[in-house]
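Chemist: Sharing my_file.tsv, TSV, C-alpha atoms:
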```
chain	number	residue	atom	x	y	z
A	1137	MET	CA	14.73	17.03	16.68
A	1138	LEU	CA	15.23	14.35	19.33
A	1139	SER	CA	16.80	15.77	22.49
A	1140	PRO	CA	20.22	14.34	23.51
A	1141	GLU	CA	18.77	13.15	26.82
A	1142	SER	CA	15.96	11.25	25.13
A	1143	ALA	CA	18.30	9.90	22.46
A	1144	ALA	CA	20.45	8.30	25.16
A	1145	VAL	CA	17.42	6.67	26.78
A	1146	ILE	CA	16.02	5.45	23.45
A	1147	ARG	CA	19.40	3.97	22.49
A	1148	ALA	CA	19.61	2.12	25.79
A	1149	THR	CA	16.02	0.86	25.78
A	1150	LEU	CA	15.40	0.21	22.08
A	1151	PRO	CA	16.41	-3.48	22.27
A	1152	ALA	CA	14.03	-4.13	25.17
A	1153	VAL	CA	11.18	-2.00	23.82
A	1154	GLY	CA	11.71	-3.26	20.27
A	1155	GLY	CA	11.59	-6.84	21.49
A	1156	ALA	CA	8.31	-6.16	23.28
A	1157	LEU	CA	6.67	-4.06	20.57
A	1158	ASP	CA	4.54	-6.87	19.20
A	1159	GLN	CA	3.20	-7.57	22.69
A	1160	ILE	CA	2.75	-3.85	23.31
A	1161	THR	CA	0.85	-3.27	20.07
A	1162	ALA	CA	-1.34	-6.34	20.67
A	1163	ARG	CA	-2.27	-4.98	24.11
A	1164	PHE	CA	-2.76	-1.50	22.63
A	1165	TYR	CA	-5.20	-2.58	19.92
A	1166	GLY	CA	-7.08	-4.95	22.22
A	1167	THR	CA	-7.68	-2.32	24.88
A	1168	MET	CA	-8.47	0.49	22.45
A	1169	PHE	CA	-11.06	-1.51	20.53
A	1170	ALA	CA	-12.61	-2.85	23.74
A	1171	GLU	CA	-13.14	0.70	25.02
A	1172	GLN	CA	-13.77	2.44	21.68
A	1173	PRO	CA	-15.32	-0.18	19.35
A	1174	GLU	CA	-16.56	2.56	17.01
A	1175	LEU	CA	-13.00	2.78	15.66
A	1176	LEU	CA	-13.51	-0.60	14.01
A	1177	ASP	CA	-16.34	0.88	11.93
A	1178	GLY	CA	-14.55	1.90	8.74
A	1179	LEU	CA	-11.19	3.01	10.10
A	1180	PHE	CA	-9.42	-0.23	11.05
A	1181	ASN	CA	-9.24	-3.43	9.03
A	1182	ARG	CA	-10.67	-6.34	11.02
A	1183	ALA	CA	-8.82	-8.95	8.96
A	1184	ASN	CA	-5.44	-7.30	9.55
A	1185	GLN	CA	-6.24	-7.11	13.25
A	1186	ALA	CA	-7.07	-10.82	13.36
A	1187	SER	CA	-3.94	-11.83	11.42
A	1188	GLY	CA	-1.62	-9.59	13.45
A	1189	GLU	CA	-0.35	-7.82	10.33
A	1190	GLN	CA	-1.52	-4.39	11.51
A	1191	ARG	CA	0.34	-4.58	14.82
A	1192	GLN	CA	3.45	-5.90	13.05
A	1193	ALA	CA	3.34	-2.92	10.69
A	1194	LEU	CA	2.85	-0.47	13.58
A	1195	ALA	CA	5.70	-2.02	15.56
A	1196	GLY	CA	7.98	-1.90	12.52
A	1197	SER	CA	7.19	1.74	11.80
A	1198	ILE	CA	7.80	2.84	15.41
A	1199	ALA	CA	11.08	0.94	15.62
A	1200	GLY	CA	12.16	2.23	12.20
A	1201	PHE	CA	11.38	5.82	13.13
A	1202	ALA	CA	13.27	5.52	16.44
A	1203	GLN	CA	16.29	4.03	14.67
A	1204	ALA	CA	16.24	6.86	12.11
A	1205	LEU	CA	16.24	9.44	14.90
A	1206	LEU	CA	19.13	7.71	16.63
A	1207	ALA	CA	21.12	7.70	13.41
A	1208	ASP	CA	20.56	11.45	13.06
A	1209	PRO	CA	18.73	13.20	15.93
A	1210	ASP	CA	18.30	16.33	13.79
A	1211	ALA	CA	16.75	14.42	10.91
A	1212	ARG	CA	13.14	14.63	9.78
A	1213	PRO	CA	12.62	11.12	8.37
A	1214	ASP	CA	9.54	12.22	6.44
A	1215	ALA	CA	10.24	9.82	3.58
A	1216	LEU	CA	9.97	6.94	6.04
A	1217	LEU	CA	6.47	8.07	6.96
A	1218	ALA	CA	5.17	9.12	3.53
A	1219	ARG	CA	3.56	5.74	2.91
A	1220	ILE	CA	1.75	5.81	6.25
A	1221	ALA	CA	0.58	9.39	5.64
A	1222	HIS	CA	-0.94	8.45	2.28
A	1223	LYS	CA	-2.70	5.41	3.81
A	1224	HIS	CA	-4.05	7.61	6.60
A	1225	ALA	CA	-5.26	10.27	4.16
A	1226	ALA	CA	-7.09	7.59	2.17
A	1227	LEU	CA	-8.93	6.65	5.38
A	1228	GLY	CA	-9.72	10.18	6.59
A	1229	VAL	CA	-7.51	9.98	9.69
A	1230	THR	CA	-7.76	13.19	11.73
A	1231	GLU	CA	-5.36	14.93	14.10
A	1232	ASP	CA	-7.40	14.20	17.22
A	1233	GLN	CA	-7.11	10.46	16.63
A	1234	TYR	CA	-3.38	10.65	17.38
A	1235	THR	CA	-4.27	11.67	20.94
A	1236	ILE	CA	-6.51	8.61	21.25
A	1237	VAL	CA	-3.74	6.33	19.94
A	1238	HIS	CA	-1.25	7.92	22.34
A	1239	LYS	CA	-3.49	7.24	25.32
A	1240	TYR	CA	-3.84	3.53	24.64
A	1241	LEU	CA	-0.34	2.96	23.28
A	1242	PHE	CA	1.36	4.37	26.36
A	1243	ARG	CA	-1.00	2.54	28.67
A	1244	ALA	CA	0.06	-0.66	26.86
A	1245	ILE	CA	3.75	0.24	27.22
A	1246	GLY	CA	3.28	0.64	30.96
A	1247	ASP	CA	1.33	-2.62	31.23
A	1248	VAL	CA	3.87	-4.67	29.28
A	1249	LEU	CA	7.13	-3.17	30.57
A	1250	GLY	CA	5.97	-2.79	34.15
A	1251	ASP	CA	8.64	-1.31	36.42
A	1252	ALA	CA	10.99	-0.91	33.46
A	1253	ALA	CA	8.71	1.84	32.14
A	1254	THR	CA	10.18	4.50	34.41
A	1255	PRO	CA	9.10	8.13	34.04
A	1256	GLU	CA	12.40	8.78	32.22
A	1257	VAL	CA	11.78	5.94	29.75
A	1258	ALA	CA	8.15	6.96	29.23
A	1259	ALA	CA	9.15	10.58	28.60
A	1260	ALA	CA	11.78	9.61	26.02
A	1261	TRP	CA	9.41	7.37	24.09
A	1262	ASP	CA	6.70	10.01	24.41
A	1263	GLU	CA	9.03	12.41	22.62
A	1264	VAL	CA	9.59	9.86	19.84
A	1265	TYR	CA	5.84	9.32	19.50
A	1266	TRP	CA	4.98	12.99	19.16
A	1267	LEU	CA	7.84	13.62	16.74
A	1268	MET	CA	6.45	10.80	14.62
A	1269	ALA	CA	2.82	11.91	15.06
A	1270	GLY	CA	3.69	15.53	14.34
A	1271	ALA	CA	5.46	14.60	11.11
A	1272	LEU	CA	2.49	12.46	10.03
A	1273	ILE	CA	-0.06	15.14	10.94
A	1274	ALA	CA	1.86	17.71	8.88
A	1275	GLN	CA	2.15	15.40	5.88
A	1276	GLU	CA	-1.51	14.40	6.05
A	1277	ALA	CA	-2.63	18.03	6.30
A	1278	ARG	CA	-0.67	18.79	3.15
A	1279	LEU	CA	-2.15	15.77	1.36
A	1280	TYR	CA	-5.69	16.77	2.31
A	1281	GLN	CA	-5.06	20.31	1.10
A	1282	GLU	CA	-3.57	19.17	-2.22
A	1283	ALA	CA	-6.48	16.76	-2.79
A	1284	GLN	CA	-9.03	19.39	-1.64
A	1285	VAL	CA	-10.42	16.88	0.85
A	1286	ASP	CA	-12.02	17.63	4.21
A	1287	PRO	CA	-10.80	14.74	6.42
A	1288	ARG	CA	-14.08	14.89	8.33
A	1289	ARG	CA	-15.93	14.17	5.05
A	1290	PRO	CA	-13.47	12.18	2.92
A	1291	TRP	CA	-16.00	10.02	1.03
A	1292	ARG	CA	-17.79	10.40	-2.28
A	1293	GLN	CA	-20.33	8.22	-4.11
A	1294	TRP	CA	-19.39	6.65	-7.45
A	1295	THR	CA	-21.67	4.77	-9.85
A	1296	VAL	CA	-20.62	1.48	-11.47
A	1297	VAL	CA	-21.03	1.89	-15.23
A	1298	GLU	CA	-19.43	-1.42	-16.21
A	1299	ARG	CA	-18.49	-4.66	-14.48
A	1300	ARG	CA	-15.98	-6.89	-16.29
A	1301	GLU	CA	-14.90	-10.38	-15.23
A	1302	GLU	CA	-11.15	-10.47	-15.86
A	1303	THR	CA	-10.48	-13.98	-14.48
A	1304	PRO	CA	-12.50	-16.37	-12.30
A	1305	ASP	CA	-11.25	-14.47	-9.24
A	1306	VAL	CA	-10.71	-10.92	-10.54
A	1307	THR	CA	-13.33	-8.34	-11.52
A	1308	SER	CA	-12.94	-4.78	-12.77
A	1309	PHE	CA	-15.42	-2.01	-11.90
A	1310	LEU	CA	-15.56	1.06	-14.13
A	1311	LEU	CA	-16.79	4.08	-12.15
A	1312	ARG	CA	-17.98	7.65	-12.61
A	1313	PRO	CA	-18.88	10.21	-9.92
A	1314	ALA	CA	-22.52	9.79	-8.92
A	1315	ASP	CA	-22.87	13.58	-8.73
A	1316	ASP	CA	-21.37	14.02	-12.23
A	1317	GLY	CA	-18.91	16.47	-10.72
A	1318	PRO	CA	-15.24	16.77	-11.69
A	1319	LEU	CA	-12.91	13.88	-10.93
A	1320	PRO	CA	-10.32	14.40	-8.20
A	1321	GLN	CA	-6.75	14.71	-9.37
A	1322	ALA	CA	-4.81	11.45	-9.52
A	1323	ARG	CA	-1.40	10.17	-10.57
A	1324	ALA	CA	-0.61	6.87	-12.24
A	1325	GLY	CA	0.13	4.30	-9.55
A	1326	GLN	CA	-2.19	5.67	-6.89
A	1327	TYR	CA	-5.08	3.92	-5.14
A	1328	VAL	CA	-8.45	4.75	-3.66
A	1329	SER	CA	-10.14	3.46	-0.52
A	1330	VAL	CA	-13.47	1.66	-0.96
A	1331	ARG	CA	-15.77	1.84	2.07
A	1332	ALA	CA	-18.26	-1.00	2.15
A	1333	LEU	CA	-21.07	-1.89	4.54
A	1334	MET	CA	-20.74	-5.46	5.76
A	1335	PRO	CA	-23.72	-7.74	6.50
A	1336	ASP	CA	-23.21	-7.23	10.26
A	1337	GLY	CA	-23.65	-3.45	9.90
A	1338	ILE	CA	-19.94	-2.57	10.27
A	1339	HIS	CA	-18.16	-0.60	7.55
A	1340	GLN	CA	-14.84	-1.96	6.29
A	1341	THR	CA	-12.38	-0.13	4.08
A	1342	ARG	CA	-9.84	-1.48	1.61
A	1343	GLN	CA	-7.47	0.19	-0.84
A	1344	TYR	CA	-7.52	-0.69	-4.55
A	1345	SER	CA	-5.15	0.64	-7.19
A	1346	LEU	CA	-6.48	2.65	-10.09
A	1347	SER	CA	-6.00	0.21	-12.97
A	1348	ASN	CA	-6.57	2.73	-15.76
A	1349	ALA	CA	-5.02	6.08	-16.64
A	1350	PRO	CA	-5.91	8.90	-14.22
A	1351	GLY	CA	-7.24	11.13	-17.01
A	1352	GLY	CA	-10.66	10.99	-18.62
A	1353	ARG	CA	-14.10	10.80	-17.05
A	1354	LEU	CA	-13.99	7.26	-15.65
A	1355	ARG	CA	-11.92	5.45	-13.06
A	1356	ARG	CA	-11.36	1.70	-12.83
A	1357	ILE	CA	-10.51	-0.55	-9.92
A	1358	THR	CA	-9.69	-4.23	-10.38
A	1359	VAL	CA	-10.49	-6.42	-7.39
A	1360	LYS	CA	-9.22	-9.91	-6.64
A	1361	ARG	CA	-11.57	-12.02	-4.57
A	1362	VAL	CA	-9.52	-13.20	-1.57
A	1363	ALA	CA	-10.45	-16.79	-0.79
A	1364	SER	CA	-10.29	-18.47	2.61
A	1365	VAL	CA	-7.00	-20.34	3.02
A	1366	ALA	CA	-6.23	-22.60	5.99
A	1367	ASP	CA	-7.06	-20.54	9.11
A	1368	ALA	CA	-7.27	-17.24	7.22
A	1369	PRO	CA	-10.84	-16.09	6.51
A	1370	GLU	CA	-11.92	-14.87	3.10
A	1371	GLY	CA	-11.48	-11.22	2.23
A	1372	GLU	CA	-14.49	-9.35	3.56
A	1373	VAL	CA	-14.62	-6.41	1.15
A	1374	SER	CA	-13.37	-8.18	-1.98
A	1375	ASN	CA	-15.99	-10.93	-1.67
A	1376	GLN	CA	-18.71	-8.39	-0.86
A	1377	LEU	CA	-17.89	-6.47	-4.05
A	1378	HIS	CA	-17.78	-9.62	-6.17
A	1379	ARG	CA	-21.07	-10.94	-4.80
A	1380	THR	CA	-23.22	-7.85	-4.59
A	1381	VAL	CA	-22.02	-4.98	-6.80
A	1382	GLY	CA	-23.30	-4.62	-10.36
A	1383	VAL	CA	-23.88	-1.97	-13.01
A	1384	GLY	CA	-25.89	0.94	-11.61
A	1385	ASP	CA	-24.86	0.31	-8.00
A	1386	GLU	CA	-22.88	2.88	-6.05
A	1387	LEU	CA	-19.56	2.54	-4.27
A	1388	THR	CA	-18.15	4.86	-1.61
A	1389	LEU	CA	-14.63	5.97	-2.51
A	1390	SER	CA	-11.92	8.24	-1.15
A	1391	ALA	CA	-9.85	10.58	-3.27
A	1392	PRO	CA	-6.75	8.96	-4.81
A	1393	PHE	CA	-3.62	8.74	-2.68
A	1394	GLY	CA	-0.34	6.82	-2.72
A	1395	ASP	CA	3.33	7.73	-2.80
A	1396	VAL	CA	4.50	5.16	-5.39
A	1397	VAL	CA	3.65	7.12	-8.53
A	1398	LEU	CA	5.00	7.25	-12.04
A	1399	ASP	CA	7.40	10.13	-12.56
A	1400	ASP	CA	7.69	12.30	-15.67
A	1401	ALA	CA	11.36	11.59	-16.37
A	1402	ASP	CA	12.66	10.11	-19.60
A	1403	THR	CA	14.75	7.40	-17.93
A	1404	PRO	CA	14.08	3.72	-18.77
A	1405	LEU	CA	11.32	1.98	-16.82
A	1406	LEU	CA	10.95	-1.49	-15.32
A	1407	LEU	CA	7.41	-2.37	-14.21
A	1408	VAL	CA	7.67	-5.63	-12.24
A	1409	SER	CA	4.64	-7.39	-10.75
A	1410	ALA	CA	3.11	-10.67	-9.69
A	1411	GLY	CA	-0.55	-11.68	-9.44
A	1412	ILE	CA	-2.93	-8.83	-8.72
A	1413	GLY	CA	0.11	-6.58	-8.32
A	1414	CYS	CA	-0.33	-5.90	-12.04
A	1415	THR	CA	-3.11	-3.37	-11.36
A	1416	PRO	CA	-1.04	-0.21	-10.69
A	1417	MET	CA	1.32	-1.24	-13.49
A	1418	VAL	CA	-1.54	-1.35	-16.02
A	1419	GLY	CA	-2.63	2.08	-14.81
A	1420	MET	CA	0.91	3.32	-15.45
A	1421	LEU	CA	0.96	1.64	-18.86
A	1422	GLU	CA	-2.29	3.26	-19.91
A	1423	HIS	CA	-0.97	6.66	-18.81
A	1424	LEU	CA	2.23	6.14	-20.82
A	1425	ALA	CA	0.21	5.14	-23.89
A	1426	ALA	CA	-2.19	8.07	-23.48
A	1427	THR	CA	0.70	10.54	-23.31
A	1428	GLY	CA	2.61	9.03	-26.25
A	1429	SER	CA	5.61	8.05	-24.18
A	1430	THR	CA	8.79	6.98	-25.97
A	1431	ARG	CA	10.57	5.79	-22.81
A	1432	LEU	CA	12.40	2.48	-22.91
A	1433	LEU	CA	10.03	0.18	-21.03
A	1434	ARG	CA	10.18	-3.40	-19.80
A	1435	VAL	CA	7.04	-4.97	-18.29
A	1436	LEU	CA	7.81	-8.09	-16.25
A	1437	HIS	CA	4.98	-10.11	-14.71
A	1438	ALA	CA	4.66	-13.47	-12.93
A	1439	ASP	CA	1.44	-15.41	-12.43
A	1440	ARG	CA	0.07	-18.89	-11.83
A	1441	SER	CA	-1.12	-19.27	-15.43
A	1442	PRO	CA	-2.24	-17.15	-18.39
A	1443	ALA	CA	-5.86	-17.74	-17.34
A	1444	ASP	CA	-5.09	-16.24	-13.91
A	1445	HIS	CA	-3.25	-13.21	-15.35
A	1446	ALA	CA	-5.66	-10.31	-14.83
A	1447	LEU	CA	-5.65	-7.50	-17.42
A	1448	ARG	CA	-3.39	-9.58	-19.66
A	1449	ALA	CA	-5.09	-8.48	-22.88
A	1450	ASP	CA	-4.99	-4.84	-21.78
A	1451	THR	CA	-1.28	-5.17	-21.03
A	1452	ARG	CA	-0.57	-6.61	-24.49
A	1453	ARG	CA	-2.70	-3.92	-26.17
A	1454	LEU	CA	-0.98	-1.07	-24.37
A	1455	ILE	CA	2.52	-2.42	-24.95
A	1456	ALA	CA	1.75	-2.57	-28.67
A	1457	GLN	CA	1.03	1.18	-28.56
A	1458	LEU	CA	4.39	2.04	-26.99
A	1459	PRO	CA	7.31	2.01	-29.46
A	1460	GLU	CA	10.00	1.15	-26.91
A	1461	ALA	CA	8.04	-1.32	-24.78
A	1462	ARG	CA	8.50	-5.06	-24.38
A	1463	ALA	CA	6.93	-7.60	-22.04
A	1464	GLU	CA	8.16	-10.78	-20.38
A	1465	PHE	CA	5.68	-13.07	-18.60
A	1466	TRP	CA	6.38	-16.06	-16.34
A	1467	TYR	CA	3.74	-18.72	-15.64
A	1468	GLU	CA	4.00	-21.57	-13.19
A	1469	GLU	CA	1.44	-23.52	-15.24
A	1470	ASP	CA	0.47	-23.60	-18.93
A	1471	ALA	CA	3.11	-21.19	-20.17
A	1472	THR	CA	2.42	-20.27	-23.79
A	1473	GLU	CA	4.92	-20.41	-26.65
A	1474	GLU	CA	4.39	-16.81	-27.66
A	1475	PRO	CA	7.45	-14.52	-27.55
A	1476	GLY	CA	8.31	-13.32	-24.05
A	1477	SER	CA	6.49	-16.15	-22.25
A	1478	HIS	CA	8.50	-18.30	-19.81
A	1479	PRO	CA	7.67	-21.30	-17.62
A	1480	GLY	CA	8.27	-21.23	-13.86
A	1481	LEU	CA	9.09	-18.39	-11.47
A	1482	MET	CA	10.41	-14.99	-12.52
A	1483	ASP	CA	14.12	-15.14	-13.29
A	1484	LEU	CA	15.83	-11.92	-14.32
A	1485	ASP	CA	19.36	-13.27	-14.63
A	1486	SER	CA	19.01	-14.05	-18.33
A	1487	LEU	CA	17.53	-10.66	-19.26
A	1488	ASP	CA	19.42	-7.66	-20.56
A	1489	LEU	CA	17.97	-5.08	-18.19
A	1490	PRO	CA	18.64	-1.33	-18.35
A	1491	LEU	CA	20.60	-0.72	-15.14
A	1492	ASP	CA	19.73	2.99	-15.14
A	1493	ALA	CA	16.00	2.25	-15.05
A	1494	ASP	CA	13.44	3.44	-12.52
A	1495	VAL	CA	11.95	0.26	-11.08
A	1496	TYR	CA	8.42	-0.20	-9.72
A	1497	LEU	CA	7.58	-3.42	-7.85
A	1498	CYS	CA	4.19	-4.72	-6.79
A	1499	GLY	CA	3.26	-8.17	-5.55
A	1500	SER	CA	3.58	-10.29	-2.45
A	1501	LEU	CA	6.35	-9.37	-0.04
A	1502	PRO	CA	8.35	-12.61	-0.68
A	1503	PHE	CA	8.11	-11.98	-4.43
A	1504	MET	CA	9.30	-8.39	-4.13
A	1505	ARG	CA	12.18	-9.32	-1.85
A	1506	ALA	CA	13.33	-12.02	-4.27
A	1507	VAL	CA	13.09	-9.72	-7.29
A	1508	ARG	CA	14.81	-6.88	-5.46
A	1509	THR	CA	17.70	-9.21	-4.65
A	1510	GLN	CA	17.99	-10.17	-8.33
A	1511	LEU	CA	17.90	-6.52	-9.40
A	1512	LEU	CA	20.58	-5.51	-6.91
A	1513	ARG	CA	22.74	-8.44	-8.02
A	1514	ALA	CA	22.34	-7.29	-11.61
A	1515	GLY	CA	23.59	-3.82	-10.68
A	1516	VAL	CA	20.39	-1.77	-10.35
A	1517	PRO	CA	20.92	0.79	-7.53
A	1518	ALA	CA	18.72	0.34	-4.47
A	1519	ARG	CA	17.64	3.99	-4.68
A	1520	SER	CA	16.03	3.28	-8.07
A	1521	ILE	CA	13.71	0.55	-6.75
A	1522	ARG	CA	10.28	1.51	-5.42
A	1523	TYR	CA	7.61	-0.88	-4.22
A	1524	GLU	CA	3.90	-0.91	-3.46
A	1525	VAL	CA	2.36	-3.21	-0.84
A	1526	PHE	CA	-1.32	-4.14	-0.70
A	1527	GLY	CA	-2.30	-4.01	2.97
A	1528	PRO	CA	-0.05	-3.14	5.92
A	1529	ASP	CA	3.53	-2.44	4.89
A	1530	LEU	CA	5.47	-5.20	6.64
A	1531	TRP	CA	8.78	-4.42	4.91
A	1532	LEU	CA	9.94	-2.44	7.94
A	1533	ALA	CA	8.62	-5.06	10.35
A	1534	HIS	CA	11.34	-7.55	9.37
A	1535	ALA	CA	15.00	-7.23	8.50
A	1536	GLU	CA	15.50	-7.01	4.75
A	1537	GLY	CA	16.86	-10.11	3.08
```
Can you give me the file's structure in the form of structure tokens?
Modeler:
Amino acid sequence: MLSPESAAVIRATLPAVGGALDQITARFYGTMFAEQPELLDGLFNRANQASGEQRQALAGSIAGFAQALLADPDARPDALLARIAHKHAALGVTEDQYTIVHKYLFRAIGDVLGDAATPEVAAAWDEVYWLMAGALIAQEARLYQEAQVDPRRPWRQWTVVERREETPDVTSFLLRPADDGPLPQARAGQYVSVRALMPDGIHQTRQYSLSNAPGGRLRRITVKRVASVADAPEGEVSNQLHRTVGVGDELTLSAPFGDVVLDDADTPLLLVSAGIGCTPMVGMLEHLAATGSTRLLRVLHADRSPADHALRADTRRLIAQLPEARAEFWYEEDATEEPGSHPGLMDLDSLDLPLDADVYLCGSLPFMRAVRTQLLRAGVPARSIRYEVFGPDLWLAHAEG
């Protein structure tokens, strides 16, 4: 609960603080990593720091949480923070790290706002921070307990039993626990963190969706090699996996986490993806096939070309096993003449979509925004649309289009 006194201060200062959040978070990360560089070893993504995406995501989440509290000071906007809590649990974030973040974040607020950061303003935003941190700590504790994970020891070794080249830039790794122990519980749509040692001796961690059904004795991740584009460097972990990991090697993985999971309802389903966003959708498809689902299902995917469409054969195979499933594919180049194949960008206006469907989106943010707009225009309720973002969730960092 946000106190009335703090709510008044937050309402008055949110425009100024919100406008300075990017500067504040840049100062925060810069100072924290300068004084505690060990935090960059496995916990924070160096690429997202360099691109600014991490600070944009942090700024968006703080502003979004403050706005939610202002809308209802008695609210507990836990749903707003569920995605962050799952990401944190997949990294082994611990309660004491919130104290470290608080120290550097509020030093940055004071540095950037100067005299405007009065004790009254600092106290109000301190209350917002600890309400947000407390909600995250509680959610993460519950996630750790449910997953039977000790956050101080969140990692486990897995052995690669098969490596499959899906496309020139996408490779699947089939994994089993190196200790031959039981698999951790998972739900279709979730991801795991992969912790890799870089050539400079620093560990980096990335999340990859489980691209097969969560049952059985093996887990699969499907990794797209991120190439260098313009000023953006190549993906550190994805290229390391592609270049160095083969059958018999071991990978360090977290337990599965993620809040965008397939439910057990009997409502129609729309699985909508682009590019490597197909990976959680194929995991959901395999789960539906394994459980003999008879749900009405539409699988919609967009890609550059059929040759670039990862797990395309798996998708076709699984759809053939589901009596009420149908696929539509869009290709910018080399579209085939097979049924359900279309040239160009995804266009839903000509499709007869079930408006009562549960919708799952995964792809680039511009793609998901465009598809969401089409779905809303078609009459699909906003509450029925869920999305998964690879990397920092920037949806809250910008006004929705």
Chemist: Quote the spacing between atom CA of Arg1212 of chain A and atom CA of Leu1179 of chain A in Å to one decimal place.
Modeler: 27.0 Å
Chemist: Given the choices A:Ile1357, A:Leu1138, A:Val1306, A:Val1296, which gets closest to Val1383 of chain A if the distance is worked out from only C-alpha atoms?
Modeler: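 The shortest atom-to-atom distance to Val1383 of chain A comes from A:Val1296.
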Chemist: Per residue of segment 1242-1313 of chain A within 10 Å of segment 1157-1166 of chain A, which atom pair is closest and at what distance in Å (one decimal), using all atoms listed in the file, listed by chain and increasing number, as a tab-separated table?
Modeler:
```
residue	atom	partner	partner_atom	distance
A:Phe1242	CA	A:Phe1164	CA	8.1
A:Arg1243	CA	A:Phe1164	CA	7.5
A:Ala1244	CA	A:Phe1164	CA	5.2
A:Ile1245	CA	A:Ile1160	CA	5.7
A:Gly1246	CA	A:Ile1160	CA	8.9
A:Asp1247	CA	A:Ile1160	CA	8.1
A:Val1248	CA	A:Ile1160	CA	6.1
A:Leu1249	CA	A:Ile1160	CA	8.5
```
Chemist: Just how far from atom CA of Leu1272 of chain A is atom CA of Asp1286 of chain A, in Å to one decimal?
Modeler: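 Between atom CA of Asp1286 of chain A and atom CA of Leu1272 of chain A the gap works out to 16.5 Å.
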Chemist: So, counting only C-alpha atoms, which residue among A:Pro1140, A:Gly1154, A:Pro1442, A:Gly1351 is closest to Leu1194 of chain A?
Modeler: A:Gly1154
Chemist: Which of these residues is nearest to Gly1419 of chain A, using only C-alpha atoms: A:Val1229, A:Ala1349, A:Cys1498, A:Ala1322?
Modeler: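 So, comparing all the options, the nearest one is A:Ala1349.
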Chemist: Please put the answer as AutoDock Vina command-line options: centre and edge lengths, in Å with one decimal, of a box along x, y and z that encloses all listed atoms of segment 1496-1507 of chain A plus 6 Å on each side.
Modeler:
```
--center_x 8.3 --center_y -6.4 --center_z -4.9 --size_x 22.1 --size_y 24.4 --size_z 21.7
```
Chemist: I want to know what sits within 12 Å of Phe1201 of chain A, based on only C-alpha atoms, with residues of the same chain fewer than 5 positions away left out; could you give that as a VMD selection string?
Modeler: chain A and resid 1138 1146 1150 1154 1194 to 1196 1206 to 1209 1211 to 1218 1220 1261 1263 to 1269 1271 to 1272 1532 to 1533
Chemist: In Å, rounded to a single decimal, give me how far atom CA of Tyr1234 of chain A is from atom CA of Arg1191 of chain A.
Modeler: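 Those two atoms sit 15.9 Å apart.
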Chemist: Point out the residue among A:Ile1338, A:Pro1369, A:Pro1416, A:Leu1405 with the least atom-to-atom distance to Val1516 of chain A, counting all atoms listed in the file.
Modeler: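 Result for the nearest residue to Val1516 of chain A: A:Leu1405.
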Chemist: Using all atoms listed in the file, which of A:Gly1337, A:Pro1490, A:Gly1499, A:Pro1255 sits nearest Ile1412 of chain A?
Modeler: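 Nearest to Ile1412 of chain A: A:Gly1499.
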Chemist: With distances taken over all atoms listed in the file, which residue among A:Arg1356, A:Arg1300, A:Arg1505, A:Arg1278 lies nearest Ala1221 of chain A?
Modeler: A:Arg1278
Chemist: Write out as a CSV table (one decimal) with C-alpha atoms, in the coordinates of the input each polymer residue whose atoms come within 8 Å of Thr1303 of chain A, counting all atoms listed in the file; drop sequence neighbours fewer than 3 positions from it.
Modeler:
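Dumped to around13.csv:
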```csv
chain,number,residue,atom,x,y,z
A,1306,VAL,CA,-10.7,-10.9,-10.5
A,1307,THR,CA,-13.3,-8.3,-11.5
A,1443,ALA,CA,-5.9,-17.7,-17.3
A,1444,ASP,CA,-5.1,-16.2,-13.9
A,1445,HIS,CA,-3.2,-13.2,-15.4
A,1446,ALA,CA,-5.7,-10.3,-14.8
```
